[in-house]
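Structure file entry.cif with mmCIF, C-alpha atoms:
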```cif
data_structure
loop_
_atom_site.group_PDB
_atom_site.id
_atom_site.type_symbol
_atom_site.label_atom_id
_atom_site.label_comp_id
_atom_site.auth_asym_id
_atom_site.auth_seq_id
_atom_site.Cartn_x
_atom_site.Cartn_y
_atom_site.Cartn_z
ATOM 1 C CA GLY A 221 -1.960 17.007 14.717
ATOM 2 C CA GLU A 222 -3.899 14.735 17.004
ATOM 3 C CA ALA A 223 -3.377 15.159 20.738
ATOM 4 C CA ALA A 224 -1.464 12.399 22.467
ATOM 5 C CA SER A 225 -3.815 9.704 23.664
ATOM 6 C CA ALA A 226 -3.861 8.077 27.047
ATOM 7 C CA PRO A 227 -3.064 4.380 27.077
ATOM 8 C CA GLY A 228 -5.716 1.930 28.145
ATOM 9 C CA ILE A 229 -8.236 -0.594 26.900
ATOM 10 C CA ASP A 230 -11.784 0.533 26.249
ATOM 11 C CA PRO A 231 -14.304 -1.752 27.987
ATOM 12 C CA THR A 232 -16.017 -2.504 24.651
ATOM 13 C CA ALA A 233 -12.820 -3.869 23.087
ATOM 14 C CA ARG A 234 -12.394 -7.664 22.841
ATOM 15 C CA ILE A 235 -8.994 -9.075 23.740
ATOM 16 C CA GLY A 236 -8.362 -12.702 22.766
ATOM 17 C CA ALA A 237 -6.843 -15.424 24.896
ATOM 18 C CA GLY A 238 -3.086 -15.200 25.166
ATOM 19 C CA ALA A 239 -2.849 -11.770 23.540
ATOM 20 C CA VAL A 240 0.139 -9.747 24.755
ATOM 21 C CA LEU A 241 -0.141 -5.959 25.001
ATOM 22 C CA GLY A 242 2.992 -3.885 25.597
ATOM 23 C CA ASP A 243 3.285 -0.935 27.965
ATOM 24 C CA GLY A 244 1.369 2.163 26.961
ATOM 25 C CA VAL A 245 -0.888 0.430 24.417
ATOM 26 C CA ARG A 246 -4.238 2.074 23.677
ATOM 27 C CA ILE A 247 -7.178 -0.012 22.399
ATOM 28 C CA ASP A 248 -10.200 2.079 21.366
ATOM 29 C CA PRO A 249 -13.920 1.142 21.409
ATOM 30 C CA TYR A 250 -15.057 -2.016 19.615
ATOM 31 C CA ALA A 251 -11.590 -3.066 18.489
ATOM 32 C CA VAL A 252 -10.989 -6.826 18.355
ATOM 33 C CA ILE A 253 -7.628 -8.363 19.201
ATOM 34 C CA GLY A 254 -7.327 -12.045 18.286
ATOM 35 C CA ASP A 255 -5.955 -14.939 20.308
ATOM 36 C CA GLY A 256 -2.186 -14.884 20.662
ATOM 37 C CA ALA A 257 -1.736 -11.486 18.989
ATOM 38 C CA VAL A 258 1.204 -9.381 20.166
ATOM 39 C CA ILE A 259 0.982 -5.580 20.185
ATOM 40 C CA GLY A 260 4.140 -3.633 20.978
ATOM 41 C CA ALA A 261 4.516 -0.807 23.457
ATOM 42 C CA ASP A 262 2.956 2.592 22.783
ATOM 43 C CA SER A 263 0.836 1.336 19.878
ATOM 44 C CA VAL A 264 -2.643 2.748 19.219
ATOM 45 C CA ILE A 265 -5.437 0.539 17.898
ATOM 46 C CA LYS A 266 -8.392 2.745 16.895
ATOM 47 C CA SER A 267 -12.121 1.941 16.918
ATOM 48 C CA HIS A 268 -13.451 -1.069 14.990
ATOM 49 C CA VAL A 269 -9.994 -2.367 14.055
ATOM 50 C CA VAL A 270 -9.704 -6.153 13.764
ATOM 51 C CA VAL A 271 -6.337 -7.697 14.596
ATOM 52 C CA GLU A 272 -6.669 -11.406 13.931
ATOM 53 C CA ALA A 273 -5.025 -14.269 15.807
ATOM 54 C CA ASP A 274 -1.246 -14.540 15.916
ATOM 55 C CA VAL A 275 -0.604 -11.106 14.391
ATOM 56 C CA ARG A 276 2.653 -9.458 15.496
ATOM 57 C CA ILE A 277 2.664 -5.662 15.774
ATOM 58 C CA GLY A 278 5.765 -3.659 16.691
ATOM 59 C CA THR A 279 6.177 -0.625 18.925
ATOM 60 C CA ALA A 280 4.567 2.789 18.356
ATOM 61 C CA VAL A 281 2.275 1.479 15.606
ATOM 62 C CA ARG A 282 -0.949 3.344 14.774
ATOM 63 C CA ILE A 283 -3.869 1.560 13.134
ATOM 64 C CA ASP A 284 -6.744 3.823 12.131
ATOM 65 C CA PRO A 285 -10.455 2.926 12.378
ATOM 66 C CA GLY A 286 -11.871 -0.030 10.521
ATOM 67 C CA ALA A 287 -8.584 -1.557 9.386
ATOM 68 C CA VAL A 288 -8.200 -5.345 9.317
ATOM 69 C CA ILE A 289 -4.892 -7.061 9.998
ATOM 70 C CA HIS A 290 -5.284 -10.702 8.962
ATOM 71 C CA ARG A 291 -3.990 -13.738 10.815
ATOM 72 C CA GLY A 292 -0.231 -14.161 10.857
ATOM 73 C CA ALA A 293 0.642 -10.688 9.509
ATOM 74 C CA VAL A 294 3.741 -9.003 10.928
ATOM 75 C CA LEU A 295 4.084 -5.196 11.224
ATOM 76 C CA GLY A 296 7.361 -3.597 12.266
ATOM 77 C CA ASP A 297 7.864 -0.567 14.513
ATOM 78 C CA ARG A 298 6.288 2.865 13.835
ATOM 79 C CA VAL A 299 3.996 1.581 11.066
ATOM 80 C CA TYR A 300 0.958 3.748 10.279
ATOM 81 C CA ILE A 301 -2.044 1.931 8.797
ATOM 82 C CA LYS A 302 -4.770 4.204 7.413
ATOM 83 C CA ALA A 303 -8.507 3.687 7.966
ATOM 84 C CA ARG A 304 -10.113 0.625 6.376
ATOM 85 C CA ALA A 305 -6.830 -0.769 5.062
ATOM 86 C CA VAL A 306 -6.584 -4.550 4.755
ATOM 87 C CA ILE A 307 -3.228 -6.128 5.546
ATOM 88 C CA GLY A 308 -2.477 -9.775 4.834
ATOM 89 C CA GLY A 309 -5.780 -10.504 3.081
ATOM 90 C CA PRO A 310 -6.098 -12.956 0.216
ATOM 91 C CA GLY A 311 -4.873 -11.592 -3.106
ATOM 92 C CA PHE A 312 -6.634 -11.603 -6.452
ATOM 93 C CA GLY A 313 -4.623 -14.343 -8.157
ATOM 94 C CA PHE A 314 -6.613 -16.794 -10.276
ATOM 95 C CA ALA A 315 -5.879 -19.457 -12.857
ATOM 96 C CA SER A 316 -8.502 -20.711 -15.259
ATOM 97 C CA ASP A 317 -9.136 -24.267 -16.393
ATOM 98 C CA GLN A 318 -12.071 -26.299 -17.712
ATOM 99 C CA SER A 319 -13.793 -26.182 -14.314
ATOM 100 C CA GLY A 320 -13.623 -22.375 -14.045
ATOM 101 C CA HIS A 321 -11.479 -19.948 -12.064
ATOM 102 C CA GLN A 322 -9.307 -21.385 -9.288
ATOM 103 C CA ARG A 323 -7.818 -19.140 -6.604
ATOM 104 C CA ILE A 324 -4.019 -19.041 -6.489
ATOM 105 C CA PRO A 325 -2.682 -18.249 -3.003
ATOM 106 C CA GLN A 326 -1.112 -14.793 -2.709
ATOM 107 C CA VAL A 327 1.185 -13.631 0.071
ATOM 108 C CA GLY A 328 0.660 -10.217 1.764
ATOM 109 C CA GLY A 329 -1.699 -7.299 1.230
ATOM 110 C CA ILE A 330 0.741 -6.043 -1.658
ATOM 111 C CA SER A 331 1.432 -8.367 -4.665
ATOM 112 C CA GLY A 332 2.832 -11.754 -3.779
ATOM 113 C CA SER A 333 6.235 -11.995 -2.158
ATOM 114 C CA THR A 334 7.010 -8.281 -2.522
ATOM 115 C CA LYS A 335 9.395 -6.943 0.126
ATOM 116 C CA VAL A 336 9.016 -3.341 1.275
ATOM 117 C CA GLY A 337 11.892 -1.717 3.165
ATOM 118 C CA ASP A 338 11.846 0.671 6.116
ATOM 119 C CA ARG A 339 10.484 4.250 5.850
ATOM 120 C CA VAL A 340 8.860 3.594 2.474
ATOM 121 C CA ILE A 341 5.916 5.813 1.457
ATOM 122 C CA LEU A 342 3.230 4.238 -0.741
ATOM 123 C CA ALA A 343 0.884 7.048 -1.815
ATOM 124 C CA GLY A 344 -2.770 6.469 -2.643
ATOM 125 C CA GLN A 345 -3.627 3.910 -5.324
ATOM 126 C CA SER A 346 -0.004 2.987 -5.924
ATOM 127 C CA GLY A 347 0.683 -0.657 -6.697
ATOM 128 C CA LEU A 348 3.607 -3.046 -6.502
ATOM 129 C CA ALA A 349 4.092 -6.064 -8.762
ATOM 130 C CA GLY A 350 4.984 -9.403 -7.226
ATOM 131 C CA HIS A 351 8.433 -10.739 -6.367
ATOM 132 C CA ILE A 352 10.191 -7.361 -6.239
ATOM 133 C CA GLU A 353 11.987 -5.419 -3.507
ATOM 134 C CA VAL A 354 11.507 -1.741 -2.650
ATOM 135 C CA GLY A 355 14.549 -0.288 -0.900
ATOM 136 C CA ASP A 356 14.544 1.650 2.357
ATOM 137 C CA GLY A 357 13.323 5.241 2.221
ATOM 138 C CA SER A 358 11.738 4.967 -1.225
ATOM 139 C CA ARG A 359 8.761 7.147 -2.180
ATOM 140 C CA ILE A 360 6.092 5.810 -4.539
ATOM 141 C CA ALA A 361 3.798 8.549 -5.913
ATOM 142 C CA GLY A 362 0.017 8.224 -6.115
ATOM 143 C CA GLN A 363 -1.182 5.807 -8.823
ATOM 144 C CA ALA A 364 2.381 4.768 -9.645
ATOM 145 C CA GLY A 365 2.803 1.187 -10.816
ATOM 146 C CA VAL A 366 6.093 -0.355 -9.700
ATOM 147 C CA ILE A 367 6.958 -3.365 -11.863
ATOM 148 C CA ALA A 368 10.644 -3.812 -10.992
ATOM 149 C CA SER A 369 12.770 -3.667 -7.843
ATOM 150 C CA LEU A 370 13.813 -0.225 -6.608
ATOM 151 C CA PRO A 371 17.062 0.674 -4.836
ATOM 152 C CA ALA A 372 17.001 2.482 -1.504
ATOM 153 C CA GLY A 373 16.003 6.143 -1.689
ATOM 154 C CA SER A 374 14.100 5.869 -4.976
ATOM 155 C CA ALA A 375 11.395 8.404 -5.827
ATOM 156 C CA VAL A 376 9.133 7.196 -8.641
ATOM 157 C CA SER A 377 5.934 8.220 -10.478
ATOM 158 C CA GLY A 378 3.738 6.981 -13.304
ATOM 159 C CA TYR A 379 3.124 3.627 -14.932
ATOM 160 C CA PRO A 380 5.370 1.932 -15.374
ATOM 161 C CA ALA A 381 7.014 3.767 -12.502
ATOM 162 C CA ARG A 382 9.986 5.882 -13.545
ATOM 163 C CA PRO A 383 12.258 8.198 -11.571
ATOM 164 C CA HIS A 384 10.014 11.060 -10.461
ATOM 165 C CA PHE A 385 11.815 13.922 -12.240
ATOM 166 C CA GLU A 386 12.162 11.870 -15.451
ATOM 167 C CA TYR A 387 8.402 11.230 -15.368
ATOM 168 C CA LEU A 388 7.630 14.930 -14.800
ATOM 169 C CA ARG A 389 9.945 15.936 -17.650
ATOM 170 C CA ALA A 390 8.267 13.464 -20.034
ATOM 171 C CA GLN A 391 4.806 14.729 -19.076
ATOM 172 C CA ALA A 392 5.880 18.337 -19.649
ATOM 173 C CA ALA A 393 7.245 17.384 -23.087
ATOM 174 C CA LEU A 394 3.940 15.743 -24.018
ATOM 175 C CA TYR A 395 2.007 18.877 -23.103
ATOM 176 C CA ARG A 396 4.394 21.059 -25.151
ATOM 177 C CA LEU A 397 4.059 18.676 -28.109
ATOM 178 C CA ALA A 398 0.247 18.420 -28.075
ATOM 179 C CA PRO A 399 -0.480 21.714 -29.929
ATOM 180 C CA HIS A 400 1.841 20.614 -32.774
ATOM 181 C CA VAL A 401 0.437 17.137 -33.422
ATOM 182 C CA ASP A 402 -1.673 18.154 -36.425
ATOM 183 C CA ALA A 403 1.321 19.795 -38.124
ATOM 184 C CA LEU A 404 3.523 16.767 -37.446
ATOM 185 C CA GLU A 405 0.917 14.382 -38.826
ATOM 186 C CA ALA A 406 0.596 16.528 -41.956
ATOM 187 C CA LEU A 407 4.330 16.082 -42.568
ATOM 188 C CA ILE A 408 4.043 12.291 -42.620
ATOM 189 C CA ARG A 409 0.578 11.963 -44.195
ATOM 190 C CA PRO A 410 0.684 10.704 -47.815
ATOM 191 C CA ASP A 411 -0.162 13.284 -50.435
ATOM 192 C CA ASP A 412 -3.933 13.257 -51.034
ATOM 193 C CA ASP A 413 -3.382 13.707 -54.789
ATOM 194 C CA GLY A 414 -1.807 10.259 -54.998
#
```
As structure tokens, how would this structure be written, given the file I've shared?
Amino acid sequence: GEAASAPGIDPTARIGAGAVLGDGVRIDPYAVIGDGAVIGADSVIKSHVVVEADVRIGTAVRIDPGAVIHRGAVLGDRVYIKARAVIGGPGFGFASDQSGHQRIPQVGGISGSTKVGDRVILAGQSGLAGHIEVGDGSRIAGQAGVIASLPAGSAVSGYPARPHFEYLRAQAALYRLAPHVDALEALIRPDDDG
């Protein structure tokens, strides 16, 4: 793992008016902290991160290089944001009418109004539909598509997301079935002689 880093603010970092930095915060080169932002104790803001105005960041948070945390976003304690992530940016909601496509406001960097509990893992390219809740300690596998609320401690895979072991069992069944598809189709194919 990475060695513990010494707290401090690199001289190239920009700290906005009224920003509040907790004890032990580290701000790396070229990071930008907006006006009125609050960063909790022992948090690490890596190089080229942008934390916009009025963002609230909890304690022991790590934000990797190039990430953007948009105005008004709130991160709890011990959150880990990977490089180049965008939190709180505008969503991709549109409605069409005679004048073209009109943007529909979206809330959050995950689909609108989705609530994500504590200690949740969202693996790469996973997605969450809007207006659902993901319970504490849930694990969402890579490329899983969650379209309904999940209770605490869920482990899901696939699209639509299913309990992980159920998904694995279904995939294994498909692979066992594949060599027999021609024979099965022959059983249901009408007789060629008419």
Just say which residues the PyMOL selection byres ((chain A and resi 248-258) around 12) picks in this file, as a PDB file with C-alpha atoms, in the coordinates of the input.
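The resulting file, selection34.pdb, is reproduced below:
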```pdb
ATOM      1  CA  SER A 225      -3.815   9.704  23.664  1.00  0.00           C
ATOM      2  CA  ALA A 226      -3.861   8.077  27.047  1.00  0.00           C
ATOM      3  CA  PRO A 227      -3.064   4.380  27.077  1.00  0.00           C
ATOM      4  CA  GLY A 228      -5.716   1.930  28.145  1.00  0.00           C
ATOM      5  CA  ILE A 229      -8.236  -0.594  26.900  1.00  0.00           C
ATOM      6  CA  ASP A 230     -11.784   0.533  26.249  1.00  0.00           C
ATOM      7  CA  PRO A 231     -14.304  -1.752  27.987  1.00  0.00           C
ATOM      8  CA  THR A 232     -16.017  -2.504  24.651  1.00  0.00           C
ATOM      9  CA  ALA A 233     -12.820  -3.869  23.087  1.00  0.00           C
ATOM     10  CA  ARG A 234     -12.394  -7.664  22.841  1.00  0.00           C
ATOM     11  CA  ILE A 235      -8.994  -9.075  23.740  1.00  0.00           C
ATOM     12  CA  GLY A 236      -8.362 -12.702  22.766  1.00  0.00           C
ATOM     13  CA  ALA A 237      -6.843 -15.424  24.896  1.00  0.00           C
ATOM     14  CA  GLY A 238      -3.086 -15.200  25.166  1.00  0.00           C
ATOM     15  CA  ALA A 239      -2.849 -11.770  23.540  1.00  0.00           C
ATOM     16  CA  VAL A 240       0.139  -9.747  24.755  1.00  0.00           C
ATOM     17  CA  LEU A 241      -0.141  -5.959  25.001  1.00  0.00           C
ATOM     18  CA  GLY A 242       2.992  -3.885  25.597  1.00  0.00           C
ATOM     19  CA  ASP A 243       3.285  -0.935  27.965  1.00  0.00           C
ATOM     20  CA  VAL A 245      -0.888   0.430  24.417  1.00  0.00           C
ATOM     21  CA  ARG A 246      -4.238   2.074  23.677  1.00  0.00           C
ATOM     22  CA  ILE A 247      -7.178  -0.012  22.399  1.00  0.00           C
ATOM     23  CA  ILE A 259       0.982  -5.580  20.185  1.00  0.00           C
ATOM     24  CA  GLY A 260       4.140  -3.633  20.978  1.00  0.00           C
ATOM     25  CA  ALA A 261       4.516  -0.807  23.457  1.00  0.00           C
ATOM     26  CA  SER A 263       0.836   1.336  19.878  1.00  0.00           C
ATOM     27  CA  VAL A 264      -2.643   2.748  19.219  1.00  0.00           C
ATOM     28  CA  ILE A 265      -5.437   0.539  17.898  1.00  0.00           C
ATOM     29  CA  LYS A 266      -8.392   2.745  16.895  1.00  0.00           C
ATOM     30  CA  SER A 267     -12.121   1.941  16.918  1.00  0.00           C
ATOM     31  CA  HIS A 268     -13.451  -1.069  14.990  1.00  0.00           C
ATOM     32  CA  VAL A 269      -9.994  -2.367  14.055  1.00  0.00           C
ATOM     33  CA  VAL A 270      -9.704  -6.153  13.764  1.00  0.00           C
ATOM     34  CA  VAL A 271      -6.337  -7.697  14.596  1.00  0.00           C
ATOM     35  CA  GLU A 272      -6.669 -11.406  13.931  1.00  0.00           C
ATOM     36  CA  ALA A 273      -5.025 -14.269  15.807  1.00  0.00           C
ATOM     37  CA  ASP A 274      -1.246 -14.540  15.916  1.00  0.00           C
ATOM     38  CA  VAL A 275      -0.604 -11.106  14.391  1.00  0.00           C
ATOM     39  CA  ARG A 276       2.653  -9.458  15.496  1.00  0.00           C
ATOM     40  CA  ILE A 277       2.664  -5.662  15.774  1.00  0.00           C
ATOM     41  CA  GLY A 278       5.765  -3.659  16.691  1.00  0.00           C
ATOM     42  CA  THR A 279       6.177  -0.625  18.925  1.00  0.00           C
ATOM     43  CA  VAL A 281       2.275   1.479  15.606  1.00  0.00           C
ATOM     44  CA  ARG A 282      -0.949   3.344  14.774  1.00  0.00           C
ATOM     45  CA  ILE A 283      -3.869   1.560  13.134  1.00  0.00           C
ATOM     46  CA  ASP A 284      -6.744   3.823  12.131  1.00  0.00           C
ATOM     47  CA  PRO A 285     -10.455   2.926  12.378  1.00  0.00           C
ATOM     48  CA  GLY A 286     -11.871  -0.030  10.521  1.00  0.00           C
ATOM     49  CA  ALA A 287      -8.584  -1.557   9.386  1.00  0.00           C
ATOM     50  CA  VAL A 288      -8.200  -5.345   9.317  1.00  0.00           C
ATOM     51  CA  ILE A 289      -4.892  -7.061   9.998  1.00  0.00           C
ATOM     52  CA  HIS A 290      -5.284 -10.702   8.962  1.00  0.00           C
ATOM     53  CA  ARG A 291      -3.990 -13.738  10.815  1.00  0.00           C
ATOM     54  CA  GLY A 292      -0.231 -14.161  10.857  1.00  0.00           C
ATOM     55  CA  ALA A 293       0.642 -10.688   9.509  1.00  0.00           C
ATOM     56  CA  VAL A 294       3.741  -9.003  10.928  1.00  0.00           C
ATOM     57  CA  LEU A 295       4.084  -5.196  11.224  1.00  0.00           C
ATOM     58  CA  GLY A 296       7.361  -3.597  12.266  1.00  0.00           C
TER      59      GLY A 296
END
```
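Using all atoms listed in the file, the smallest distance between any of A:Val340, A:Leu394, A:Leu348, A:Ala406 and Ser374 (chain A) comes from A:Val340.
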- Care to translate the PyMOL selection byres ((chain A and resi 309) around 6) into actual residues of this file, as an MDAnalysis selection string? chainID A and resid 290 307:308 310 329
Inset, instruction - Would you translate the PyMOL selection byres ((chain A and resi 384) around 10) into the concrete set of residues it matches in this file, as an MDAnalysis selection string? - result: chainID A and resid 359:361 364 374:378 381:383 385:389
As lines of an AutoDock Vina configuration file: centre and edge lengths in Å, one decimal, of the axis-aligned box holding region 260-278 of chain A with 4 Å per side:
```
center_x = -3.8
center_y = -5.9
center_z = 18.6
size_x = 27.2
size_y = 25.3
size_z = 17.7
```
